[in-house]
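Data from data-v7.pdb: PDB, C-alpha atoms, pLDDT in the B column
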```
ATOM      1  CA  MET A 455       6.015  -0.006 -20.554  1.00 82.00           C
ATOM      2  CA  ARG A 456       3.769   2.659 -21.959  1.00 91.00           C
ATOM      3  CA  THR A 457       2.741   5.739 -20.034  1.00 95.00           C
ATOM      4  CA  ILE A 458      -0.572   7.563 -20.216  1.00 96.00           C
ATOM      5  CA  LYS A 459      -1.430  10.861 -18.543  1.00 96.00           C
ATOM      6  CA  THR A 460      -4.251  12.222 -16.448  1.00 95.00           C
ATOM      7  CA  THR A 461      -5.992  15.400 -17.576  1.00 93.00           C
ATOM      8  CA  SER A 462      -3.559  17.412 -15.446  1.00 92.00           C
ATOM      9  CA  GLY A 463      -0.579  15.608 -16.986  1.00 94.00           C
ATOM     10  CA  ALA A 464       0.319  13.198 -14.173  1.00 94.00           C
ATOM     11  CA  PRO A 465       1.919  10.085 -15.712  1.00 94.00           C
ATOM     12  CA  ILE A 466       0.561   6.562 -15.169  1.00 95.00           C
ATOM     13  CA  THR A 467       2.691   3.640 -16.303  1.00 94.00           C
ATOM     14  CA  LEU A 468       0.597   0.874 -17.844  1.00 94.00           C
ATOM     15  CA  GLU A 469       1.952  -2.291 -16.311  1.00 91.00           C
ATOM     16  CA  GLY A 470      -1.265  -4.167 -15.583  1.00 87.00           C
ATOM     17  CA  ASP A 471      -1.649  -2.664 -12.104  1.00 89.00           C
ATOM     18  CA  LEU A 472      -5.273  -1.619 -11.701  1.00 93.00           C
ATOM     19  CA  LEU A 473      -4.622  -0.337  -8.176  1.00 92.00           C
ATOM     20  CA  ALA A 474      -2.086   2.150  -9.558  1.00 92.00           C
ATOM     21  CA  ILE A 475      -4.748   3.547 -11.875  1.00 95.00           C
ATOM     22  CA  MET A 476      -7.272   3.656  -9.042  1.00 95.00           C
ATOM     23  CA  GLU A 477      -4.777   5.561  -6.867  1.00 95.00           C
ATOM     24  CA  ALA A 478      -4.125   8.005  -9.711  1.00 94.00           C
ATOM     25  CA  LEU A 479      -7.874   8.521 -10.126  1.00 95.00           C
ATOM     26  CA  TYR A 480      -8.235   9.119  -6.403  1.00 94.00           C
ATOM     27  CA  GLN A 481      -5.406  11.676  -6.399  1.00 93.00           C
ATOM     28  CA  GLU A 482      -6.544  13.357  -9.614  1.00 92.00           C
ATOM     29  CA  VAL A 483     -10.278  13.594  -8.941  1.00 93.00           C
ATOM     30  CA  THR A 484     -10.988  13.101  -5.251  1.00 91.00           C
ATOM     31  CA  ALA A 485      -7.969  14.445  -3.364  1.00 91.00           C
ATOM     32  CA  LYS A 486      -7.380  17.461  -5.604  1.00 86.00           C
ATOM     33  CA  SER A 487     -10.982  18.545  -5.192  1.00 84.00           C
ATOM     34  CA  GLU A 488     -10.883  17.915  -1.416  1.00 85.00           C
ATOM     35  CA  LEU A 489     -13.683  15.327  -1.745  1.00 82.00           C
ATOM     36  CA  GLU A 490     -15.869  17.821  -3.668  1.00 84.00           C
ATOM     37  CA  ARG A 491     -16.218  15.814  -6.853  1.00 88.00           C
ATOM     38  CA  SER A 492     -19.113  14.364  -8.767  1.00 92.00           C
ATOM     39  CA  PHE A 493     -19.867  11.150 -10.588  1.00 94.00           C
ATOM     40  CA  GLU A 494     -19.393  13.074 -13.831  1.00 95.00           C
ATOM     41  CA  ASP A 495     -15.945  14.295 -12.757  1.00 94.00           C
ATOM     42  CA  MET A 496     -14.778  10.719 -12.149  1.00 95.00           C
ATOM     43  CA  VAL A 497     -16.322   9.391 -15.369  1.00 96.00           C
ATOM     44  CA  LYS A 498     -14.652  12.176 -17.362  1.00 96.00           C
ATOM     45  CA  GLU A 499     -11.223  11.275 -15.964  1.00 96.00           C
ATOM     46  CA  ILE A 500     -11.777   7.532 -16.463  1.00 97.00           C
ATOM     47  CA  ASP A 501     -12.852   8.139 -20.066  1.00 97.00           C
ATOM     48  CA  HIS A 502      -9.742  10.262 -20.614  1.00 97.00           C
ATOM     49  CA  LEU A 503      -7.516   7.404 -19.425  1.00 97.00           C
ATOM     50  CA  ILE A 504      -9.385   4.725 -21.403  1.00 97.00           C
ATOM     51  CA  GLU A 505      -9.115   6.747 -24.618  1.00 97.00           C
ATOM     52  CA  GLN A 506      -5.317   6.554 -24.349  1.00 97.00           C
ATOM     53  CA  MET A 507      -5.273   2.742 -24.075  1.00 97.00           C
ATOM     54  CA  ASP A 508      -5.229   0.305 -26.967  1.00 96.00           C
ATOM     55  CA  ASP A 509      -7.665  -2.618 -27.157  1.00 97.00           C
ATOM     56  CA  GLY A 510      -5.267  -5.054 -25.477  1.00 95.00           C
ATOM     57  CA  GLU A 511      -4.649  -2.710 -22.561  1.00 96.00           C
ATOM     58  CA  ARG A 512      -8.369  -2.095 -22.140  1.00 96.00           C
ATOM     59  CA  ARG A 513      -9.011  -5.838 -22.169  1.00 96.00           C
ATOM     60  CA  ALA A 514      -6.318  -6.501 -19.556  1.00 94.00           C
ATOM     61  CA  TYR A 515      -7.592  -3.785 -17.210  1.00 95.00           C
ATOM     62  CA  LEU A 516     -11.199  -4.910 -17.660  1.00 96.00           C
ATOM     63  CA  ALA A 517     -10.226  -8.480 -16.772  1.00 95.00           C
ATOM     64  CA  GLU A 518      -8.387  -7.314 -13.638  1.00 94.00           C
ATOM     65  CA  SER A 519     -11.292  -5.064 -12.684  1.00 95.00           C
ATOM     66  CA  LEU A 520     -13.800  -7.887 -13.049  1.00 96.00           C
ATOM     67  CA  PHE A 521     -11.583 -10.179 -10.998  1.00 95.00           C
ATOM     68  CA  LEU A 522     -11.134  -7.668  -8.173  1.00 94.00           C
ATOM     69  CA  ASN A 523     -14.819  -6.787  -8.146  1.00 95.00           C
ATOM     70  CA  THR A 524     -15.765 -10.464  -8.017  1.00 97.00           C
ATOM     71  CA  VAL A 525     -13.474 -10.987  -5.024  1.00 96.00           C
ATOM     72  CA  LYS A 526     -14.968  -7.899  -3.323  1.00 95.00           C
ATOM     73  CA  TYR A 527     -18.492  -9.170  -4.035  1.00 96.00           C
ATOM     74  CA  GLU A 528     -17.672 -12.601  -2.602  1.00 97.00           C
ATOM     75  CA  ASN A 529     -16.086 -11.043   0.494  1.00 97.00           C
ATOM     76  CA  ASP A 530     -19.110  -8.789   1.053  1.00 96.00           C
ATOM     77  CA  LYS A 531     -21.472 -11.762   0.812  1.00 96.00           C
ATOM     78  CA  LEU A 532     -19.318 -13.777   3.218  1.00 95.00           C
ATOM     79  CA  GLU A 533     -19.198 -10.854   5.652  1.00 95.00           C
ATOM     80  CA  ALA A 534     -23.003 -10.550   5.597  1.00 94.00           C
ATOM     81  CA  TYR A 535     -23.319 -14.300   6.176  1.00 93.00           C
ATOM     82  CA  MET A 536     -20.867 -14.184   9.084  1.00 93.00           C
ATOM     83  CA  LYS A 537     -22.795 -11.279  10.672  1.00 91.00           C
ATOM     84  CA  ARG A 538     -26.012 -13.312  10.482  1.00 91.00           C
ATOM     85  CA  LEU A 539     -24.259 -16.250  12.150  1.00 90.00           C
ATOM     86  CA  THR A 540     -22.915 -14.147  15.012  1.00 90.00           C
ATOM     87  CA  LYS A 541     -26.319 -12.551  15.697  1.00 85.00           C
ATOM     88  CA  LYS A 542     -27.862 -15.958  16.463  1.00 70.00           C
TER      89      LYS A 542
END
```

Could I get this file's structure written as structure tokens?
Amino acid sequence: MRTIKTTSGAPITLEGDLLAIMEALYQEVTAKSELERSFEDMVKEIDHLIEQMDDGERRAYLAESLFLNTVKYENDKLEAYMKRLTKK
């Protein structure tokens, strides 16, 4: 397994675990700044991580991200539908 690093040098092992990268981003950008971060701060850190990945790694993480976002989207739509049903 390959390891990449955040801008502060924290290691992230690339093993196809998108949630591990998301946790590292949270710790690196959000927690360290005590929630005082901007969109640009997060994009800068994400770009830094992506630049260290090869095309195959980028493809794998994009596929996992799309999958997880699709599931979240479906769950949000179902939740809205269920709320409408319970209001009647």

_Residues within 7 Å of segment 492-506 of chain A, all atoms listed in the file, excluding chain neighbours under 2 positions, as a ChimeraX atom specification_ = /A:458,460-461,483,490,508,512

*Coordinates-based distance that separates atom CA of Leu468 of chain A from atom CA of Met507 of chain A (Å, one decimal)*: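 Here the two named atoms are 8.8 Å from each other.
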
*Would you mind listing what lies within 8 Å of segment 518-531 of chain A as number ranges by chain, with only C-alpha atoms counted and same-chain residues fewer than 4 positions away left out?*
A: 472, 514, 535

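Put simply, atom CA of Gly463 of chain A is 11.1 Å away from atom CA of Ala478 of chain A.
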
*Starting from the point (2.0, 14.3, -12.1), work out which residues of protein, DNA or RNA have an atom no more than 9 Å away when counting only C-alpha atoms; state them as a list in words.*
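The answer, in the requested form, is Lys459, Thr460, Ser462, Gly463, Ala464, Pro465, Ile466 and Glu482 of chain A.
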
*In Å, rounded to a single decimal, give me how far atom CA of Gly470 of chain A is from atom CA of Lys486 of chain A.*
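For atom CA of Lys486 of chain A relative to atom CA of Gly470 of chain A, the distance reads 24.6 Å.
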
*In terms of the shortest atom-to-atom distance over all atoms listed in the file, which of A:Glu511, A:Ile475, A:Met536, A:Lys542 is closest to Met455 of chain A?*
A:Glu511

*For Tyr515 of chain A, which of A:Thr457, A:Glu469, A:Leu532, A:Lys537 is the closest residue, counting only C-alpha atoms?*
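Closest residue, counting only C-alpha atoms: A:Glu469.
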